[in-house]
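Comments concern the structure below.
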Amino acid sequence: MTVIDLPIVGQSYHLKDWAIDCQRTLNFYPQVVESGNAPQVSALLPTPGLVKRFEFSGAIRGLYALNDVVLVVAGQTLYRVDKSNNAQQIGIIAGTDIVYFADNSIYVVVVGDSAYRYDIRQKTLTDILISTGTGFLGASDVTLLDSRFVWTVPSSGQIQWSTLLDTSTTGLNYATAEAKSDNLVRTIAVNGQLWLIGEKTTEVWMSTGNPDLPFQRMSGAFIPAGCAAKNSVCVFGGGLVWLTSSDHGQSQIVLTQGYQTQRISNHAIESEIASYDHVDDAYSFAYQQDGHAFLMMSFPAAKKTWCYDATTGMWHERSYYNLTEYQHEHHRAITHVFFNGEHLVGDRSNGIVYRLCPDCSTDNLEPILRERITPVINPQGSQLIFDAVELILQTGQQENTKPVIRLDWSDDRGKSWSKDRVLDFGAIGEFNKRTIFNRLGQSRNRVFRLRISDSNRLIILGAKARVR
């Protein structure tokens, strides 16, 4: 008899050609043990739960933090929420899509279907078209660079900017992307530079200090890749992330390094994204928690959320389980802000703002279904008899119940599954509880699947199998 390690810890990498690889990590993420002397070199940790912090009317379209308040756009209403949780209604932001914010410490520009100016000191909201006059060419987003607001002129290759420390502009305060005549998808400032991301190409601009032409294109800073979904663009670490589109195709997720893009998606994710009906509705946000830098990118049409961990370089999936439809959907969070020491996220379809809670095991009291599918245990095809599988778990934790874990398996590389085997992994205080599944049959192409739905914090440290 031989004892082998099962590859229970890993990332999501399931190809449509399932015989190559079929592993999946859903609502878990891999954790590397950095000390170097722990019994396990890695583990699977549960993704954060959601705890309700505020509730408004209408879907959350945007969150933005100032020094002592957070601005919330719920439905078509702008709210101001202070650190004592007092909410004040400010005004109307037209539209239904995600909104954009930028501030210069005096004003906040908010862009929805129209553009608005929020006066931070006066707490008033004004339509920018009314306040600036006919020189305003319209805006589909907004950013700030060197005390000037900069925005994309809709359905064009142009940007427009404001005067210094103000929101006013003129019909002459504009410039056109020069490299190629494609429309701009998104304009965003990062690292003191202005990125003009088009449908097929991207340019980097810089400040000039010239009041008549404050921005100009940097020579040689050109990327032959544009963006397939404007809301997929977000600041991540020291660069930008987005879902690409170019003359050669689309569906790669890239991270900028210097004036180049680096592919961070893999073949499995790209193959799946390419199968979606459309991807122009994708949106993303990034946050850091417990030493991990996470990028979450959701595809509403496909009801999928992919999450990249820059710390480990691995991908996992996140989901919300719809108890009415009995199916996994994309995660509930659509927008994120870090405010008053908390990671706050807005719900994609109702007016709830949640706190991302790493120690919580439910989504606003609804169960989180977590799953790990291993790669094929014996890809060479030798016949193995599985006498037992022992899961190495952190047991005896939070609840005074006996939470259960489900194990099943596939002998055809993940196409069909056996009946569940169910075991509990210990009530509170049962720190030495062992979880062993016996007499699991024989196979040449065995794949194991673990699932948990109980509201308990499950840490998976490893797994071993006794085989013959």
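Residues are referred to by chain and number: the chain letter is A, B, ... according to the order shown in the structure tokens, the number counts from 1 in that chain, and ligands are numbered separately from 1 in the order shown.
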Near segment 241-243 of chain A, within 10 Å and counting only C-alpha atoms, which residues show up once chain neighbours fewer than 6 positions away are dropped, as a VMD selection string? chain A and resid 197 225 to 235 250 to 256 261 to 265 273 279 to 280 282 to 286 295 297
So that I can see what lies close to Cys22 of chain A, please list as a ChimeraX atom specification the residues with an atom at most 8 Å from it, counting only C-alpha atoms and leaving out residues fewer than 5 positions away in the same chain. /A:13-15,373-376,413-414
Could you write those residues out with N, CA and C atoms, as a short mmCIF file (atom, residue, chain, number, x, y, z; two decimals), in the first residue's frame?
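Written out: selection.cif:
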data_model
loop_
_atom_site.label_atom_id
_atom_site.label_comp_id
_atom_site.auth_asym_id
_atom_site.auth_seq_id
_atom_site.Cartn_x
_atom_site.Cartn_y
_atom_site.Cartn_z
N TYR A 13 -8.52 26.00 -13.29
CA TYR A 13 -7.96 25.86 -14.63
C TYR A 13 -8.71 24.72 -15.31
N HIS A 14 -9.94 24.99 -15.72
CA HIS A 14 -10.72 23.95 -16.38
C HIS A 14 -10.96 24.34 -17.83
N LEU A 15 -10.35 23.57 -18.71
CA LEU A 15 -10.45 23.81 -20.15
C LEU A 15 -11.70 23.16 -20.71
N ILE A 373 -12.30 21.12 -7.15
CA ILE A 373 -12.14 19.93 -8.00
C ILE A 373 -10.65 19.77 -8.29
N THR A 374 -10.13 18.59 -8.02
CA THR A 374 -8.71 18.35 -8.26
C THR A 374 -8.44 18.10 -9.74
N PRO A 375 -7.19 18.26 -10.17
CA PRO A 375 -6.84 17.73 -11.49
C PRO A 375 -6.87 16.20 -11.46
N VAL A 376 -6.68 15.58 -12.61
CA VAL A 376 -6.68 14.12 -12.67
C VAL A 376 -5.54 13.57 -11.80
N ARG A 413 -12.60 11.86 -15.83
CA ARG A 413 -11.94 13.17 -15.89
C ARG A 413 -12.92 14.34 -15.74
N GLY A 414 -13.98 14.14 -14.96
CA GLY A 414 -14.85 15.25 -14.63
C GLY A 414 -16.11 15.38 -15.46
#
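Among A:Gly239, A:Gly258, A:Pro39, A:Gly249, the residue with the shortest atom-to-atom distance to Gly220 of chain A, counting only C-alpha atoms, is A:Gly258.
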Quick one: DSSP helix (DSSP H, G or I) residues in segment 239-403 of chain A, as a ChimeraX atom specification? /A:267-275
Same residues, N, CA, C and O atoms, output as an mmCIF file, in the first residue's frame:
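Saved as part32.cif:
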data_model
loop_
_atom_site.group_PDB
_atom_site.id
_atom_site.type_symbol
_atom_site.label_atom_id
_atom_site.label_comp_id
_atom_site.auth_asym_id
_atom_site.auth_seq_id
_atom_site.Cartn_x
_atom_site.Cartn_y
_atom_site.Cartn_z
ATOM 1 N N HIS A 267 -4.852 30.231 -20.626
ATOM 2 C CA HIS A 267 -5.606 29.653 -21.742
ATOM 3 C C HIS A 267 -7.002 29.206 -21.329
ATOM 4 O O HIS A 267 -7.962 29.332 -22.101
ATOM 5 N N ALA A 268 -7.127 28.664 -20.123
ATOM 6 C CA ALA A 268 -8.431 28.180 -19.676
ATOM 7 C C ALA A 268 -9.427 29.328 -19.548
ATOM 8 O O ALA A 268 -10.575 29.227 -20.001
ATOM 9 N N ILE A 269 -9.001 30.436 -18.932
ATOM 10 C CA ILE A 269 -9.897 31.582 -18.771
ATOM 11 C C ILE A 269 -10.209 32.209 -20.118
ATOM 12 O O ILE A 269 -11.369 32.543 -20.413
ATOM 13 N N GLU A 270 -9.208 32.362 -20.960
ATOM 14 C CA GLU A 270 -9.429 32.976 -22.277
ATOM 15 C C GLU A 270 -10.365 32.142 -23.128
ATOM 16 O O GLU A 270 -11.208 32.676 -23.853
ATOM 17 N N SER A 271 -10.230 30.826 -23.031
ATOM 18 C CA SER A 271 -11.126 29.942 -23.780
ATOM 19 C C SER A 271 -12.565 30.087 -23.296
ATOM 20 O O SER A 271 -13.505 30.129 -24.101
ATOM 21 N N GLU A 272 -12.741 30.204 -21.979
ATOM 22 C CA GLU A 272 -14.096 30.359 -21.457
ATOM 23 C C GLU A 272 -14.680 31.721 -21.815
ATOM 24 O O GLU A 272 -15.841 31.821 -22.212
ATOM 25 N N ILE A 273 -13.875 32.792 -21.662
ATOM 26 C CA ILE A 273 -14.371 34.123 -22.003
ATOM 27 C C ILE A 273 -14.789 34.183 -23.465
ATOM 28 O O ILE A 273 -15.807 34.796 -23.824
ATOM 29 N N ALA A 274 -14.018 33.525 -24.339
ATOM 30 C CA ALA A 274 -14.341 33.518 -25.767
ATOM 31 C C ALA A 274 -15.671 32.827 -26.050
ATOM 32 O O ALA A 274 -16.298 33.084 -27.087
ATOM 33 N N SER A 275 -16.119 31.975 -25.124
ATOM 34 C CA SER A 275 -17.395 31.267 -25.333
ATOM 35 C C SER A 275 -18.602 32.074 -24.875
ATOM 36 O O SER A 275 -19.741 31.689 -25.154
#
Find the residues around Gly58 of chain A up to 7 Å (only C-alpha atoms counted), leave out those fewer than 5 positions away in its own chain, and share them as an MDAnalysis selection string. chainID A and resid 74:75 350:351
Expected file contents, prior selection, C-alpha atoms, as an mmCIF file, in the first residue's frame:
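So out-v2.cif came out as:
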data_model
loop_
_atom_site.group_PDB
_atom_site.id
_atom_site.type_symbol
_atom_site.label_atom_id
_atom_site.label_comp_id
_atom_site.auth_asym_id
_atom_site.auth_seq_id
_atom_site.Cartn_x
_atom_site.Cartn_y
_atom_site.Cartn_z
ATOM 1 C CA ALA A 74 -28.006 54.137 -5.492
ATOM 2 C CA GLY A 75 -30.533 54.045 -8.307
ATOM 3 C CA ASN A 350 -30.347 46.122 -4.978
ATOM 4 C CA GLY A 351 -29.496 49.051 -2.719
#
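Using only C-alpha atoms, the smallest distance between any of A:Val3, A:Val153, A:His328, A:Ser361 and Gly135 of chain A comes from A:Val153.
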Could you give me the residues within segment 18-79 of chain A that DSSP places in strand (DSSP E), as a compact mmCIF listing (two decimals) with C-alpha atoms, in the first residue's frame?
# COMPACT_ATOMS: atom_id res chain seq x y z
CA CYS A 22 -10.54 20.08 -15.20
CA GLN A 23 -9.55 21.56 -11.81
CA ARG A 24 -11.73 24.23 -10.24
CA THR A 25 -11.47 26.44 -7.16
CA LEU A 26 -14.77 28.15 -6.31
CA PHE A 28 -11.68 29.41 -2.08
CA TYR A 29 -8.31 30.97 -2.82
CA PRO A 30 -4.80 29.50 -2.54
CA GLN A 31 -2.59 30.74 0.28
CA VAL A 32 1.19 30.26 0.27
CA SER A 42 0.04 25.97 0.88
CA ALA A 43 -3.63 25.95 1.79
CA LEU A 44 -7.08 26.86 0.49
CA LEU A 45 -8.77 29.67 2.41
CA PRO A 46 -12.43 30.68 2.13
CA GLY A 49 -18.53 36.81 3.11
CA LEU A 50 -20.82 39.84 2.91
CA VAL A 51 -22.27 41.76 5.87
CA LYS A 52 -24.86 44.51 5.30
CA ARG A 53 -23.67 48.00 6.28
CA PHE A 54 -26.17 50.35 4.59
CA GLU A 55 -29.31 49.97 2.53
CA ILE A 60 -25.60 50.52 -6.25
CA ARG A 61 -23.96 52.26 -9.24
CA GLY A 62 -20.92 53.73 -7.53
CA LEU A 63 -19.00 54.28 -4.28
CA TYR A 64 -16.37 56.97 -3.71
CA ALA A 65 -14.43 57.84 -0.55
CA VAL A 69 -17.54 60.65 4.00
CA VAL A 70 -18.33 58.12 1.32
CA LEU A 71 -20.48 59.06 -1.68
CA VAL A 72 -23.00 56.45 -2.79
CA VAL A 73 -25.01 56.44 -6.01
CA ALA A 74 -28.01 54.14 -5.49
CA THR A 77 -29.82 59.26 -6.15
CA LEU A 78 -26.51 60.51 -4.75
CA TYR A 79 -26.07 60.02 -1.00
With distances taken over only C-alpha atoms, which residue among A:Ser382, A:Ser12, A:Asn191, A:Pro367 lies nearest Tyr308 of chain A? A:Ser12
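Distances here use only C-alpha atoms; by that measure, the residue among A:Ser155, A:Thr312, A:Ser168, A:Asn340 closest to Ala115 of chain A is A:Ser168.
Reported to one decimal place, the separation of atom CA of Ala301 of chain A from atom CA of Ala94 of chain A is 23.4 Å.
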Kindly provide the residues of segment 300-344 of chain A that approach segment 441-453 of chain A to within 12 Å, each paired with its closest atom pair and their distance in Å to one decimal, based on only C-alpha atoms, listed by chain and increasing number, as CSV.
residue,atom,partner,partner_atom,distance
A:Tyr320,CA,A:Ser453,CA,11.9
A:Tyr321,CA,A:Ser453,CA,10.0
A:Leu323,CA,A:Ser453,CA,11.9
If we count only C-alpha atoms, what is near segment 415-420 of chain A at a cut-off of 9 Å, once residues fewer than 3 positions away on the same chain are taken out, given as a VMD selection string? chain A and resid 18 406 to 412 449
Got a sec: who's within 9 Å of Glu329 of chain A, counting only C-alpha atoms, leaving out chain neighbours fewer than 3 positions off, as a list in words? Pro300, Ala302, Lys303, Lys304, Thr305, Arg318, Ser319, Tyr320, Tyr321, Asn322 and Arg332 of chain A
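Of the listed residues (A:Arg348, A:Arg372, A:Lys464, A:Arg457), A:Lys464 comes nearest to Ile436 of chain A; the distances count only C-alpha atoms.
If you measure from each of A:Phe338, A:Tyr107, A:Phe386, A:Phe215 to Leu125 of chain A using only C-alpha atoms, the closest one turns out to be A:Tyr107.
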